[in-house]
$ cat model14.tsv   # TSV, C-alpha atoms
chain	number	residue	atom	x	y	z
A	13	MET	CA	0.00	0.00	0.00
A	14	SER	CA	1.53	3.27	-1.10
A	15	LEU	CA	0.74	6.63	0.41
A	16	LYS	CA	0.74	9.78	-1.70
A	17	LEU	CA	2.43	12.61	0.15
A	18	MET	CA	1.56	16.22	-0.63
A	19	THR	CA	4.16	18.92	-0.31
A	20	SER	CA	3.44	22.31	1.23
A	21	SER	CA	3.72	23.98	-2.18
A	22	SER	CA	1.01	21.75	-3.66
A	23	ILE	CA	-1.29	22.42	-0.70
A	24	ILE	CA	-0.80	26.18	-1.07
A	25	GLY	CA	-1.37	25.90	-4.82
A	26	ARG	CA	-4.65	24.07	-4.39
A	27	ALA	CA	-5.80	26.53	-1.73
A	28	LEU	CA	-5.00	29.47	-3.99
A	29	ALA	CA	-6.78	27.80	-6.91
A	30	GLY	CA	-9.85	27.20	-4.76
A	31	SER	CA	-9.88	30.79	-3.51
A	32	VAL	CA	-9.50	32.14	-7.05
A	33	SER	CA	-12.33	29.94	-8.34
A	34	ARG	CA	-14.56	31.02	-5.48
A	35	TRP	CA	-13.72	34.69	-6.13
A	36	THR	CA	-14.41	34.20	-9.84
A	37	ARG	CA	-17.85	32.71	-9.13
A	38	THR	CA	-18.66	35.55	-6.75
A	39	ALA	CA	-17.64	38.19	-9.29
A	40	ALA	CA	-19.67	36.46	-11.99
A	41	THR	CA	-22.70	36.35	-9.71
A	42	VAL	CA	-22.40	40.05	-8.92
A	43	ALA	CA	-21.97	40.91	-12.59
A	44	SER	CA	-25.03	38.85	-13.53
A	45	GLU	CA	-27.11	40.57	-10.85
A	46	GLN	CA	-26.05	43.99	-12.09
A	47	GLN	CA	-26.80	42.98	-15.67
A	48	ALA	CA	-30.21	41.63	-14.65
A	49	SER	CA	-31.15	44.98	-13.08
A	50	GLN	CA	-30.36	46.95	-16.24
A	51	PHE	CA	-33.20	48.07	-18.49
A	52	SER	CA	-33.50	46.52	-21.94
A	53	PRO	CA	-36.04	47.14	-24.73
A	54	GLN	CA	-37.63	43.79	-23.88
A	55	SER	CA	-38.06	44.65	-20.18
A	56	VAL	CA	-41.61	45.09	-18.88
A	57	ARG	CA	-41.93	47.20	-15.73
A	58	THR	CA	-44.77	46.94	-13.26
A	59	GLY	CA	-47.74	49.27	-13.38
A	60	VAL	CA	-49.30	51.16	-10.47
A	61	ILE	CA	-52.74	51.88	-9.02
A	62	ALA	CA	-53.84	55.50	-8.77
A	63	ARG	CA	-57.00	57.44	-8.00
A	64	LYS	CA	-58.57	59.84	-10.45
A	65	LYS	CA	-58.77	63.26	-8.78
A	66	GLY	CA	-60.40	65.23	-11.57
A	67	MET	CA	-59.49	67.34	-14.59
A	68	THR	CA	-57.81	70.69	-15.10
A	69	SER	CA	-56.01	72.63	-17.82
A	70	MET	CA	-52.40	73.33	-18.72
A	71	TRP	CA	-50.76	75.23	-21.58
A	72	ASP	CA	-47.81	74.13	-23.69
A	73	GLU	CA	-44.89	76.22	-24.92
A	74	THR	CA	-46.92	77.64	-27.82
A	75	GLY	CA	-49.87	78.64	-25.63
A	76	VAL	CA	-52.18	75.83	-26.70
A	77	ARG	CA	-54.55	74.69	-23.94
A	78	MET	CA	-54.38	70.99	-23.00
A	79	PRO	CA	-57.00	69.00	-21.07
A	80	ILE	CA	-55.27	67.35	-18.10
A	81	THR	CA	-56.39	64.50	-15.83
A	82	VAL	CA	-54.83	64.43	-12.36
A	83	LEU	CA	-54.02	61.00	-10.89
A	84	GLN	CA	-52.70	60.41	-7.37
A	85	LEU	CA	-50.90	57.41	-5.85
A	86	GLU	CA	-51.91	56.49	-2.28
A	87	ASP	CA	-49.67	54.13	-0.29
A	88	VAL	CA	-48.91	51.90	-3.26
A	89	ILE	CA	-46.75	48.88	-2.39
A	90	VAL	CA	-45.89	45.42	-3.71
A	91	THR	CA	-48.05	42.95	-1.78
A	92	ASP	CA	-47.14	39.66	-3.46
A	93	VAL	CA	-44.96	38.13	-6.18
A	94	ARG	CA	-46.00	35.55	-8.79
A	95	THR	CA	-43.15	33.39	-10.07
A	96	ALA	CA	-42.95	31.15	-13.10
A	97	ASP	CA	-41.83	28.15	-11.02
A	98	LYS	CA	-44.78	28.30	-8.61
A	99	HIS	CA	-47.57	30.00	-10.55
A	100	GLY	CA	-46.58	29.49	-14.19
A	101	TYR	CA	-46.11	33.21	-14.93
A	102	THR	CA	-44.22	36.21	-13.58
A	103	ALA	CA	-46.21	39.10	-12.13
A	104	LEU	CA	-46.45	41.49	-9.21
A	105	GLN	CA	-49.51	42.05	-7.06
A	106	ILE	CA	-49.82	45.75	-6.28
A	107	GLY	CA	-51.94	47.18	-3.45
A	108	SER	CA	-53.17	50.73	-2.95
A	109	THR	CA	-54.77	52.78	-0.14
A	110	ALA	CA	-54.57	51.47	3.41
A	111	LYS	CA	-57.67	49.75	4.81
A	112	LYS	CA	-58.84	49.20	8.41
A	113	GLU	CA	-58.73	45.67	9.75
A	114	LYS	CA	-62.38	45.80	10.92
A	115	ASN	CA	-63.46	46.15	7.28
A	116	VAL	CA	-61.53	43.10	6.04
A	117	SER	CA	-62.43	39.41	6.34
A	118	LYS	CA	-60.28	37.25	8.60
A	119	PRO	CA	-58.84	35.05	5.81
A	120	LEU	CA	-57.66	38.16	3.96
A	121	VAL	CA	-56.20	39.62	7.16
A	122	GLU	CA	-54.18	36.44	7.73
A	123	HIS	CA	-53.09	36.50	4.09
A	124	PHE	CA	-51.64	40.00	4.47
A	125	LYS	CA	-50.05	39.16	7.83
A	126	LYS	CA	-48.34	36.16	6.29
A	127	LEU	CA	-46.89	38.41	3.59
A	128	GLY	CA	-45.85	41.00	6.18
A	129	VAL	CA	-47.58	43.95	4.52
A	130	GLY	CA	-50.43	46.25	5.53
A	131	LEU	CA	-54.03	45.85	4.41
A	132	ARG	CA	-54.96	47.48	1.10
A	133	GLN	CA	-58.30	48.44	-0.46
A	134	LYS	CA	-57.41	47.67	-4.07
A	135	LEU	CA	-55.27	44.82	-5.41
A	136	VAL	CA	-54.17	44.45	-9.04
A	137	GLU	CA	-51.72	42.12	-10.77
A	138	PHE	CA	-49.29	43.40	-13.40
A	139	ARG	CA	-47.31	41.04	-15.63
A	140	VAL	CA	-43.57	41.80	-15.61
A	141	THR	CA	-40.37	40.28	-16.90
A	142	GLU	CA	-38.09	38.42	-14.52
A	143	ASP	CA	-35.58	41.28	-14.42
A	144	ALA	CA	-38.31	43.69	-13.19
A	145	VAL	CA	-39.46	41.68	-10.16
A	146	LEU	CA	-39.55	43.70	-6.93
A	147	PRO	CA	-39.50	42.32	-3.36
A	148	VAL	CA	-42.67	42.32	-1.27
A	149	GLY	CA	-43.15	45.59	0.60
A	150	THR	CA	-41.45	47.80	-2.00
A	151	SER	CA	-43.09	51.22	-2.14
A	152	LEU	CA	-44.04	52.72	-5.51
A	153	ASN	CA	-44.46	56.45	-6.06
A	154	ALA	CA	-45.08	58.91	-8.88
A	155	SER	CA	-41.36	58.96	-9.75
A	156	HIS	CA	-41.85	55.48	-11.23
A	157	PHE	CA	-42.92	57.38	-14.37
A	158	VAL	CA	-41.09	60.22	-16.13
A	159	THR	CA	-42.36	63.40	-17.72
A	160	GLY	CA	-42.90	63.00	-21.45
A	161	GLN	CA	-43.46	59.24	-21.51
A	162	TYR	CA	-46.60	57.50	-22.78
A	163	VAL	CA	-48.83	55.29	-20.66
A	164	ASP	CA	-52.00	53.20	-20.89
A	165	VAL	CA	-54.72	53.94	-18.33
A	166	SER	CA	-57.51	51.43	-17.59
A	167	ALA	CA	-60.63	51.84	-15.47
A	168	PRO	CA	-64.35	50.98	-15.51
A	169	SER	CA	-66.35	53.51	-17.50
A	170	ILE	CA	-69.19	55.45	-15.90
A	171	GLY	CA	-72.37	53.35	-15.88
A	172	LYS	CA	-75.32	54.85	-17.76
A	173	GLY	CA	-77.92	52.19	-16.92
A	174	PHE	CA	-80.33	50.71	-19.46
A	175	ALA	CA	-80.14	52.82	-22.63
A	176	GLY	CA	-81.92	52.76	-25.98
A	177	VAL	CA	-80.29	52.28	-29.38
A	178	MET	CA	-80.10	56.01	-30.14
A	179	LYS	CA	-78.06	56.76	-27.03
A	180	ARG	CA	-76.14	53.49	-26.88
A	181	TRP	CA	-75.29	52.99	-30.57
A	182	ASN	CA	-76.00	56.43	-32.10
A	183	PHE	CA	-78.92	55.17	-34.23
A	184	ALA	CA	-80.81	57.79	-36.23
A	185	GLY	CA	-84.20	56.55	-35.05
A	186	MET	CA	-87.42	56.36	-37.04
A	187	PRO	CA	-88.76	59.17	-39.25
A	188	ALA	CA	-89.93	62.13	-37.20
A	189	SER	CA	-92.76	63.19	-39.53
A	190	HIS	CA	-95.75	61.41	-41.13
A	191	GLY	CA	-96.54	57.77	-40.71
A	192	VAL	CA	-94.76	57.05	-37.37
A	193	SER	CA	-96.63	56.76	-34.10
A	194	LEU	CA	-95.00	56.21	-30.68
A	195	THR	CA	-91.88	54.54	-32.16
A	196	HIS	CA	-89.68	57.52	-33.01
A	197	ARG	CA	-86.73	56.19	-30.95
A	198	SER	CA	-87.25	52.53	-31.79
A	199	GLY	CA	-84.48	50.26	-33.04
A	200	GLY	CA	-86.57	48.97	-35.90
A	201	SER	CA	-86.40	45.44	-37.27
A	202	THR	CA	-83.90	43.08	-35.61
A	203	GLY	CA	-84.28	39.85	-37.58
A	204	GLN	CA	-85.27	38.31	-40.93
A	205	ARG	CA	-88.34	36.45	-42.16
A	206	LYS	CA	-88.33	32.80	-43.20
A	207	TRP	CA	-84.55	32.44	-43.08
A	208	PRO	CA	-82.71	32.40	-40.71
A	209	SER	CA	-85.67	33.23	-38.42
A	210	ARG	CA	-83.42	34.43	-35.62
A	211	VAL	CA	-81.43	37.45	-34.45
A	212	PHE	CA	-77.71	37.31	-35.19
A	213	LYS	CA	-75.31	37.43	-32.25
A	214	GLY	CA	-73.83	40.86	-31.65
A	215	LYS	CA	-76.86	42.73	-33.02
A	216	LYS	CA	-76.85	46.30	-31.74
A	217	MET	CA	-79.89	46.64	-29.53
A	218	ALA	CA	-81.01	48.45	-26.39
A	219	GLY	CA	-79.26	47.31	-23.20
A	220	ARG	CA	-76.97	48.22	-20.37
A	221	MET	CA	-74.55	50.99	-21.25
A	222	GLY	CA	-71.20	51.72	-19.58
A	223	GLY	CA	-69.72	50.13	-16.48
A	224	LYS	CA	-67.16	48.13	-18.47
A	225	SER	CA	-63.38	48.23	-18.36
A	226	VAL	CA	-61.99	50.77	-20.82
A	227	THR	CA	-58.33	51.40	-21.69
A	228	LYS	CA	-57.09	54.73	-23.06
A	229	GLN	CA	-53.80	54.08	-24.81
A	230	ASN	CA	-50.77	56.27	-25.48
A	231	LEU	CA	-51.61	59.08	-23.06
A	232	LYS	CA	-48.72	61.47	-22.52
A	233	ILE	CA	-47.53	62.36	-19.03
A	234	VAL	CA	-47.15	66.14	-18.90
A	235	LYS	CA	-45.98	66.51	-15.31
A	236	VAL	CA	-44.91	64.37	-12.34
A	237	ASP	CA	-45.21	65.78	-8.80
A	238	SER	CA	-43.10	63.54	-6.56
A	239	ALA	CA	-43.89	65.50	-3.39
A	240	GLU	CA	-47.66	64.96	-3.64
A	241	ASN	CA	-47.46	61.71	-5.68
A	242	LEU	CA	-49.44	63.30	-8.53
A	243	ILE	CA	-49.31	62.37	-12.21
A	244	TYR	CA	-50.69	64.82	-14.78
A	245	VAL	CA	-51.87	63.02	-17.93
A	246	LYS	CA	-52.89	64.72	-21.17
A	247	GLY	CA	-56.42	63.75	-22.15
A	248	SER	CA	-59.38	62.07	-20.48
A	249	VAL	CA	-59.37	58.96	-18.33
A	250	PRO	CA	-62.32	56.55	-17.90
A	251	GLY	CA	-64.37	56.54	-14.72
A	252	PHE	CA	-65.64	58.97	-12.14
A	253	ASP	CA	-63.61	61.07	-9.70
A	254	ASP	CA	-61.83	59.26	-6.84
A	255	GLN	CA	-62.03	55.96	-8.72
A	256	PHE	CA	-59.13	53.50	-8.83
A	257	VAL	CA	-57.34	53.37	-12.20
A	258	LYS	CA	-54.47	51.24	-13.50
A	259	ILE	CA	-51.45	52.94	-15.08
A	260	LYS	CA	-48.73	51.10	-16.98
A	261	ASP	CA	-46.20	51.80	-19.71
A	262	ALA	CA	-47.72	52.00	-23.20
A	263	VAL	CA	-47.67	48.55	-24.79
A	264	LYS	CA	-48.07	49.59	-28.43
A	265	LEU	CA	-44.95	51.78	-28.49
A	266	LYS	CA	-41.37	50.54	-28.60
A	267	ALA	CA	-39.16	51.44	-25.67
A	268	GLU	CA	-37.28	54.11	-27.66
A	269	LYS	CA	-40.53	55.92	-28.53
A	270	ARG	CA	-42.27	55.28	-25.23
A	271	TYR	CA	-39.84	57.39	-23.20
A	272	PRO	CA	-38.26	60.78	-24.00
A	273	LYS	CA	-34.62	60.74	-25.02
A	274	GLU	CA	-33.50	62.74	-21.99
A	275	ALA	CA	-35.13	60.19	-19.62
A	276	TYR	CA	-34.08	56.97	-21.35
A	277	PRO	CA	-33.66	54.44	-19.84
A	278	PRO	CA	-36.49	54.94	-17.31
A	279	PRO	CA	-36.18	54.14	-13.57
A	280	PHE	CA	-35.72	50.37	-13.46
A	281	PRO	CA	-37.17	48.32	-11.98
A	282	THR	CA	-38.58	51.36	-10.16
A	283	ALA	CA	-37.53	54.73	-8.74
A	284	LEU	CA	-35.65	54.69	-5.45

$ encode --input "model14.tsv" --output "structure tokens"
Amino acid sequence: MSLKLMTSSSIIGRALAGSVSRWTRTAATVASEQQASQFSPQSVRTGVIARKKGMTSMWDETGVRMPITVLQLEDVIVTDVRTADKHGYTALQIGSTAKKEKNVSKPLVEHFKKLGVGLRQKLVEFRVTEDAVLPVGTSLNASHFVTGQYVDVSAPSIGKGFAGVMKRWNFAGMPASHGVSLTHRSGGSTGQRKWPSRVFKGKKMAGRMGGKSVTKQNLKIVKVDSAENLIYVKGSVPGFDDQFVKIKDAVKLKAEKRYPKEAYPPPFPTAL
């Protein structure tokens, strides 16, 4: 039986090699983390929840008046994370506006306690890329967006109740002169005779108007007030005042056109 003796130089050499390899792995890990946090044109940031505060007016450099909608963020935080390994997709659950415990069911209270975050009135999920995932409890403010960028705003439209075809679909109605009695605002004929003896699906008829989710796309942010968490958006936004709305980066514009040149890349994954 032969024993293999190791000299001191070989021991030192192996130790140095191990330390170098460990240092190399650490440096590679740090570099990959830094690279993962950098914005790319394929990156998808999270959206936020805001409340519509009303409309006002602003004027541009040439003196042209612009209609402005004011949106405010109230205690917006990340309440949960959806991962591809566990849920099959990557997303962030965002919560807005603190809520009292007496107004929340016990299962939901325990859910928030398990996550270690405060109770929230409104919860919304936003799909994100893996490089834009934020830890639970991260606060989001108006600085998440930059002045001059374009966003999509979604909210339920104002409900109008049961409406006729003239109001709901802009029908012209029946003739207003001779030969018409009591049916001036009627929708007229809705089907055929012998064939097909039915009303086609999607026929425009009287029914419930409004109260559905509407998205206004490519709205320009004119001003961002970080102190008051206000976002000034050019144009109208669906819904009534003080209603929750969803704001996210415009999806139909490429990253280079979505943000102004002086603010590209945007705060990623969010503003500090």

$ closest_residue --input "model14.tsv" --among "A:Leu104, A:Val165, A:Val211, A:Leu231" --to "Ala62 in chain A" --atoms "all atoms listed in the file"
A:Val165

$ atom_distance --input "model14.tsv" --atom1 "CA of Phe183 in chain A" --atom2 "CA of Asp253 in chain A"
29.5 Å

$ closest_residue --input "model14.tsv" --among "A:Ala110, A:Val56, A:Val263, A:Leu120" --to "Pro279 in chain A" --atoms "only C-alpha atoms"
A:Val56

$ residues_around --input "model14.tsv" --residues "Gly173 in chain A" --least-positions-apart "5" --cutoff "9 Å" --atoms "only C-alpha atoms" --output "PyMOL selection string"
chain A and resi 219-223

$ residues_around --input "model14.tsv" --residues "Ile243 in chain A" --least-positions-apart "2" --cutoff "10 Å" --atoms "all atoms listed in the file" --output "list of chain:residue names"
A:Ala62, A:Lys64, A:Ile80, A:Thr81, A:Val82, A:Leu83, A:Gln84, A:Leu85, A:Asn153, A:Ala154, A:Ser155, A:Phe157, A:Val158, A:Thr159, A:Ile233, A:Val234, A:Lys235, A:Val236, A:Asp237, A:Ser238, A:Glu240, A:Asn241, A:Val245, A:Lys246

$ residues_around --input "model14.tsv" --residues "Leu127 in chain A" --least-positions-apart "4" --cutoff "9 Å" --atoms "all atoms listed in the file" --output "MDAnalysis selection string"
chainID A and resid 91:92 122:123 148:149

$ closest_residue --input "model14.tsv" --among "A:Val163, A:Ile89, A:Met70, A:Val116" --to "Lys266 in chain A" --atoms "only C-alpha atoms"
A:Val163

$ closest_residue --input "model14.tsv" --among "A:Arg94, A:Arg180, A:Lys114, A:Arg139" --to "Lys260 in chain A" --atoms "all atoms listed in the file"
A:Arg139

$ atom_distance --input "model14.tsv" --atom1 "CA of Ser225 in chain A" --atom2 "CA of Asp261 in chain A"
17.6 Å

$ decode --input "model14.tsv" --residues "range 56-73 of chain A" --atoms "C-alpha atoms" --output "PDB file, in the first residue's frame"
ATOM      1  CA  VAL A  56     -41.609  45.090 -18.877  1.00  0.00           C
ATOM      2  CA  ARG A  57     -41.930  47.201 -15.734  1.00  0.00           C
ATOM      3  CA  THR A  58     -44.768  46.942 -13.264  1.00  0.00           C
ATOM      4  CA  GLY A  59     -47.741  49.274 -13.381  1.00  0.00           C
ATOM      5  CA  VAL A  60     -49.300  51.160 -10.466  1.00  0.00           C
ATOM      6  CA  ILE A  61     -52.737  51.884  -9.018  1.00  0.00           C
ATOM      7  CA  ALA A  62     -53.843  55.497  -8.772  1.00  0.00           C
ATOM      8  CA  ARG A  63     -56.995  57.437  -7.998  1.00  0.00           C
ATOM      9  CA  LYS A  64     -58.572  59.842 -10.449  1.00  0.00           C
ATOM     10  CA  LYS A  65     -58.766  63.259  -8.782  1.00  0.00           C
ATOM     11  CA  GLY A  66     -60.402  65.227 -11.575  1.00  0.00           C
ATOM     12  CA  MET A  67     -59.489  67.341 -14.595  1.00  0.00           C
ATOM     13  CA  THR A  68     -57.805  70.688 -15.096  1.00  0.00           C
ATOM     14  CA  SER A  69     -56.012  72.632 -17.823  1.00  0.00           C
ATOM     15  CA  MET A  70     -52.399  73.333 -18.721  1.00  0.00           C
ATOM     16  CA  TRP A  71     -50.755  75.231 -21.577  1.00  0.00           C
ATOM     17  CA  ASP A  72     -47.813  74.125 -23.685  1.00  0.00           C
ATOM     18  CA  GLU A  73     -44.890  76.224 -24.923  1.00  0.00           C
TER      19      GLU A  73
END
